[in-house]
Every structure is written in structure tokens, then in C-alpha cells.
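The structure appears right after this line, and notes come after that.
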Amino acid sequence: MMQFIPVFTSCFQRCTRGAMMMAILFSTMSSQLLAASVEVEWREPDNYRDIHPGGNSREQFRATTFADLERNFGELAKSLPDSQTLKIVVRDLDLAGYVNVDSKTQRRRFISSTYFPRMKFTYKLYDDAGQVIKAGGAYLKKPDFIATTANIYKDKTLGYEKQMIDQWYAETFMPSESE
């Protein structure tokens with residue numbers, strides 16, 4: 001009897017863990033199936049105010065930065081109906097901080113309240129028939145980003161920019177209590 005309990009407990013834990021993994025997999029798949037699609041266009045990125053890399057090559061840094069922000073927009077769009085499409089055209093990006101571009105040693109990004117994140121873009125939300133439901137322009141900036149950034153964003157790559165985008169999204173697409 002003493003041997004049965006640990007074996008049963010171990011089997012139960014494995015089965016429960018497996019069931020939980022399946023539930024997570026299905027919920028992820030269903031949320032992806034139910035999420036609106038997102039298309040992000042980075043218009044004239046060579047003219048952006050600040051997309052300088054700290055240590056990577058400029059092309060690699062740009063690609064990973066754009067991909068990371070596109071994933072963030074995709075995560076946000078999970079709250080929209082699956083029949084909708086959100087199209088975003090980014091016209092300018094200024095990352096938090098600055099890079100010591102004149103340094104002859106390794107270049108690094110320094111975070112300073114003087115160099116706050118900014119982003120300029122237009123957006124259109126389409127229904128399944130291709131009709132525009134909502135459209136507008138956004139010029140996001142967060143001068144107080146160091147003092148007001150929530151802890152969940154502080155250790156994330158591009159956390160300051162992501163919080164700024166998340167706040168815009170909530171204000172733009174999430175219904176307010178008065179509605």
C-alpha cells in the first residue's frame with residue numbers, strides 16, 4: 001500500500017500536467033483562431049527618429065524590434081473578433097533612451113527621462129466585408145515613462161514602448177464603463 005500512493009501520486013501529477021498542457025494548447029490555438037489579424041507596415045524606417053542599435057547590427061536590431069512590436073500588436077488583437085483586421089502604418093519610432101552613436105567603443109542604449117519613447121502611426125480596423133469600422137492616427141509619447149512604468153513592463157524588451165502601445169490600445173479599442 002505504501003508503494004501504491006507514490007506511484008499513484010506520480011501518475012496523477014503526470015496526467016494532470018498533461019491535461020493542463022493540452023488545455024493550454026487548445027486555449028492558445030482557439031485564441032489564435034479567434035483573434036483578429038494584424039498587419040503592420042513600417043513606412044520609411046530609415047527616417048525614423050531613433051531606431052539605433054546598442055550592440056547589434058542596425059538591420060538585425062531593426063528586424064527584431066519590429067518583430068517584437070508586431071507580436072505585441074498581435075497579442076492585443078486577440079481581444080478583437082476574428083473576422084476583423086487591424087492595419088497599422090508606422091510613420092515614426094523613437095525608442096526610450098539614447099545610443100551613444102559617437103562612441104568608438106561599444107555602443108549602448110542609455111535610459112534617461114530626457115529621451116522618452118514616441119511612436120506615430122495610423123490605423124484602420126476592418127470588418128469581414130472590408131469596411132472600415134474605426135480609423136485614426138496616433139502620436140504616442142510618454143515623457144514620464146520612468147516614473148509611471150508598471151513593474152510587468154520594466155524587465156521586458158521594449159517594455160516602455162509596449163506599455164505605451166497597450167495603453168493606447170485599451171483607450172482606443174476597449175469599451176469604457178460608460179458605454
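A note on labels: chains of the C-alpha cells are A, B, ... as shown, every chain counts residues from 1, and ligands are counted from 1 in their shown order.
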Helix (DSSP H, G or I) per DSSP on the backbone: members of region 51-178 of chain A, as a ChimeraX atom specification: /A:58-79,145-148,151-154,159-173
Residue neighbourhood region 39-50 of chain A, 7 Å, only C-alpha atoms, exclusion window fewer than 5 positions, as a PyMOL selection string: chain A and resi 70+86-95
Could you save the residues just selected, with N, CA, C and O atoms, as a PDB file, in the first residue's frame?
ATOM      1  N   GLU A  70       5.409  43.970 -33.473  1.00  0.00           N
ATOM      2  CA  GLU A  70       4.323  43.331 -34.219  1.00  0.00           C
ATOM      3  C   GLU A  70       3.666  42.235 -33.383  1.00  0.00           C
ATOM      4  O   GLU A  70       2.436  42.096 -33.383  1.00  0.00           O
ATOM      5  N   LEU A  86      -6.871  44.487 -38.294  1.00  0.00           N
ATOM      6  CA  LEU A  86      -6.302  45.749 -37.853  1.00  0.00           C
ATOM      7  C   LEU A  86      -5.057  46.026 -38.681  1.00  0.00           C
ATOM      8  O   LEU A  86      -4.124  45.219 -38.696  1.00  0.00           O
ATOM      9  N   LYS A  87      -5.071  47.148 -39.400  1.00  0.00           N
ATOM     10  CA  LYS A  87      -3.920  47.535 -40.214  1.00  0.00           C
ATOM     11  C   LYS A  87      -3.298  48.786 -39.612  1.00  0.00           C
ATOM     12  O   LYS A  87      -3.992  49.780 -39.372  1.00  0.00           O
ATOM     13  N   ILE A  88      -1.998  48.715 -39.396  1.00  0.00           N
ATOM     14  CA  ILE A  88      -1.263  49.806 -38.776  1.00  0.00           C
ATOM     15  C   ILE A  88      -0.127  50.208 -39.705  1.00  0.00           C
ATOM     16  O   ILE A  88       0.598  49.351 -40.214  1.00  0.00           O
ATOM     17  N   VAL A  89       0.019  51.505 -39.924  1.00  0.00           N
ATOM     18  CA  VAL A  89       1.122  52.033 -40.721  1.00  0.00           C
ATOM     19  C   VAL A  89       1.947  52.921 -39.799  1.00  0.00           C
ATOM     20  O   VAL A  89       1.513  54.015 -39.417  1.00  0.00           O
ATOM     21  N   VAL A  90       3.137  52.440 -39.432  1.00  0.00           N
ATOM     22  CA  VAL A  90       4.014  53.180 -38.530  1.00  0.00           C
ATOM     23  C   VAL A  90       4.809  54.182 -39.363  1.00  0.00           C
ATOM     24  O   VAL A  90       5.430  53.824 -40.353  1.00  0.00           O
ATOM     25  N   ARG A  91       4.783  55.435 -38.913  1.00  0.00           N
ATOM     26  CA  ARG A  91       5.449  56.508 -39.643  1.00  0.00           C
ATOM     27  C   ARG A  91       6.686  57.037 -38.924  1.00  0.00           C
ATOM     28  O   ARG A  91       7.530  57.677 -39.535  1.00  0.00           O
ATOM     29  N   ASP A  92       6.766  56.793 -37.619  1.00  0.00           N
ATOM     30  CA  ASP A  92       7.947  57.208 -36.873  1.00  0.00           C
ATOM     31  C   ASP A  92       8.030  56.404 -35.585  1.00  0.00           C
ATOM     32  O   ASP A  92       7.000  56.027 -35.007  1.00  0.00           O
ATOM     33  N   LEU A  93       9.254  56.154 -35.150  1.00  0.00           N
ATOM     34  CA  LEU A  93       9.504  55.429 -33.907  1.00  0.00           C
ATOM     35  C   LEU A  93      10.727  56.048 -33.254  1.00  0.00           C
ATOM     36  O   LEU A  93      11.750  56.259 -33.902  1.00  0.00           O
ATOM     37  N   ASP A  94      10.584  56.351 -31.980  1.00  0.00           N
ATOM     38  CA  ASP A  94      11.676  56.909 -31.191  1.00  0.00           C
ATOM     39  C   ASP A  94      11.708  56.090 -29.905  1.00  0.00           C
ATOM     40  O   ASP A  94      10.833  56.240 -29.048  1.00  0.00           O
ATOM     41  N   LEU A  95      12.669  55.215 -29.787  1.00  0.00           N
ATOM     42  CA  LEU A  95      12.750  54.326 -28.628  1.00  0.00           C
ATOM     43  C   LEU A  95      13.180  55.091 -27.381  1.00  0.00           C
ATOM     44  O   LEU A  95      13.849  56.128 -27.472  1.00  0.00           O
TER      45      LEU A  95
END
Among listed residues A:Ser113, A:Thr157, A:Gln167, A:Thr172, nearest Phe145 (chain A) (using only C-alpha atoms):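 For Phe145 (chain A), the nearest of the given residues is A:Ser113.
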Test item: residues at most 12 Å from region 150-156 of chain A, only C-alpha atoms, excluding those fewer than 2 positions along its chain, as a CSV table (one decimal) with N, CA and C atoms, in the first residue's frame:
chain,number,residue,atom,x,y,z
A,68,ASP,N,9.2,42.2,-32.6
A,68,ASP,CA,8.7,42.3,-31.2
A,68,ASP,C,7.5,43.2,-31.0
A,69,LEU,N,7.5,44.3,-31.7
A,69,LEU,CA,6.3,45.2,-31.6
A,69,LEU,C,5.2,44.7,-32.4
A,72,ASN,N,3.5,42.2,-30.2
A,72,ASN,CA,2.7,42.9,-29.2
A,72,ASN,C,1.3,43.4,-29.7
A,111,ILE,N,19.1,54.7,-20.8
A,111,ILE,CA,17.7,55.2,-20.5
A,111,ILE,C,17.8,56.4,-19.7
A,144,ASP,N,6.8,60.8,-19.0
A,144,ASP,CA,7.0,60.4,-17.6
A,144,ASP,C,7.2,58.9,-17.5
A,145,PHE,N,7.8,58.2,-18.6
A,145,PHE,CA,7.8,56.8,-18.7
A,145,PHE,C,8.6,56.1,-17.5
A,146,ILE,N,9.7,56.7,-17.1
A,146,ILE,CA,10.5,56.1,-16.0
A,146,ILE,C,9.6,56.0,-14.7
A,147,ALA,N,8.9,57.1,-14.4
A,147,ALA,CA,8.2,57.1,-13.1
A,147,ALA,C,6.9,56.3,-13.2
A,148,THR,N,6.3,56.1,-14.4
A,148,THR,CA,5.0,55.5,-14.4
A,148,THR,C,4.9,54.2,-15.1
A,158,LEU,N,11.8,46.3,-24.8
A,158,LEU,CA,10.9,47.4,-25.3
A,158,LEU,C,9.7,47.6,-24.4
A,159,GLY,N,9.9,47.3,-23.1
A,159,GLY,CA,8.8,47.5,-22.2
A,159,GLY,C,8.1,48.8,-22.1
A,160,TYR,N,8.9,49.9,-22.2
A,160,TYR,CA,8.4,51.2,-22.2
A,160,TYR,C,7.5,51.5,-23.4
A,161,GLU,N,7.9,51.0,-24.6
A,161,GLU,CA,7.2,51.2,-25.8
A,161,GLU,C,5.9,50.3,-25.7
A,162,LYS,N,6.0,49.1,-25.2
A,162,LYS,CA,4.9,48.2,-25.2
A,162,LYS,C,3.8,48.7,-24.2
A,163,GLN,N,4.2,49.3,-23.1
A,163,GLN,CA,3.2,49.8,-22.2
A,163,GLN,C,2.5,51.0,-22.9
A,164,MET,N,3.2,51.8,-23.6
A,164,MET,CA,2.6,53.0,-24.3
A,164,MET,C,1.6,52.5,-25.3
A,165,ILE,N,2.0,51.5,-26.1
A,165,ILE,CA,1.1,50.9,-27.1
A,165,ILE,C,-0.1,50.2,-26.4
A,166,ASP,N,0.1,49.5,-25.4
A,166,ASP,CA,-1.0,48.8,-24.6
A,166,ASP,C,-2.0,49.8,-24.1
A,167,GLN,N,-1.5,50.9,-23.6
A,167,GLN,CA,-2.4,52.0,-23.1
A,167,GLN,C,-3.3,52.6,-24.2
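Closest approach to Leu125 (chain A) among A:Gln60, A:Thr85, A:Asn100, A:Ser37 is made by A:Thr85 (distances from only C-alpha atoms).
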Pick from A:Arg62, A:Leu140, A:Leu76, A:Pro81, whichever lies nearest to Asp128 (chain A) using only C-alpha atoms: A:Pro81
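You will find CA of Ala67 (chain A) at 19.0 Å from CA of Trp168 (chain A).
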Between CA of Ile133 (chain A) and CA of Phe66 (chain A), distance in Å (one decimal): 25.6 Å
Nearest to Glu75 (chain A), chosen from A:Asp127, A:Tyr169, A:Phe110, A:Ala96, with only C-alpha atoms counted in the distances: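 Of the candidates, the smallest distance to Glu75 (chain A) is held by A:Tyr169.
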Nearest to Ala77 (chain A), chosen from A:Phe173, A:Tyr139, A:Tyr115, A:Tyr123, with only C-alpha atoms counted in the distances: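 Looking at the shortest contact to Ala77 (chain A), the residue is A:Phe173.
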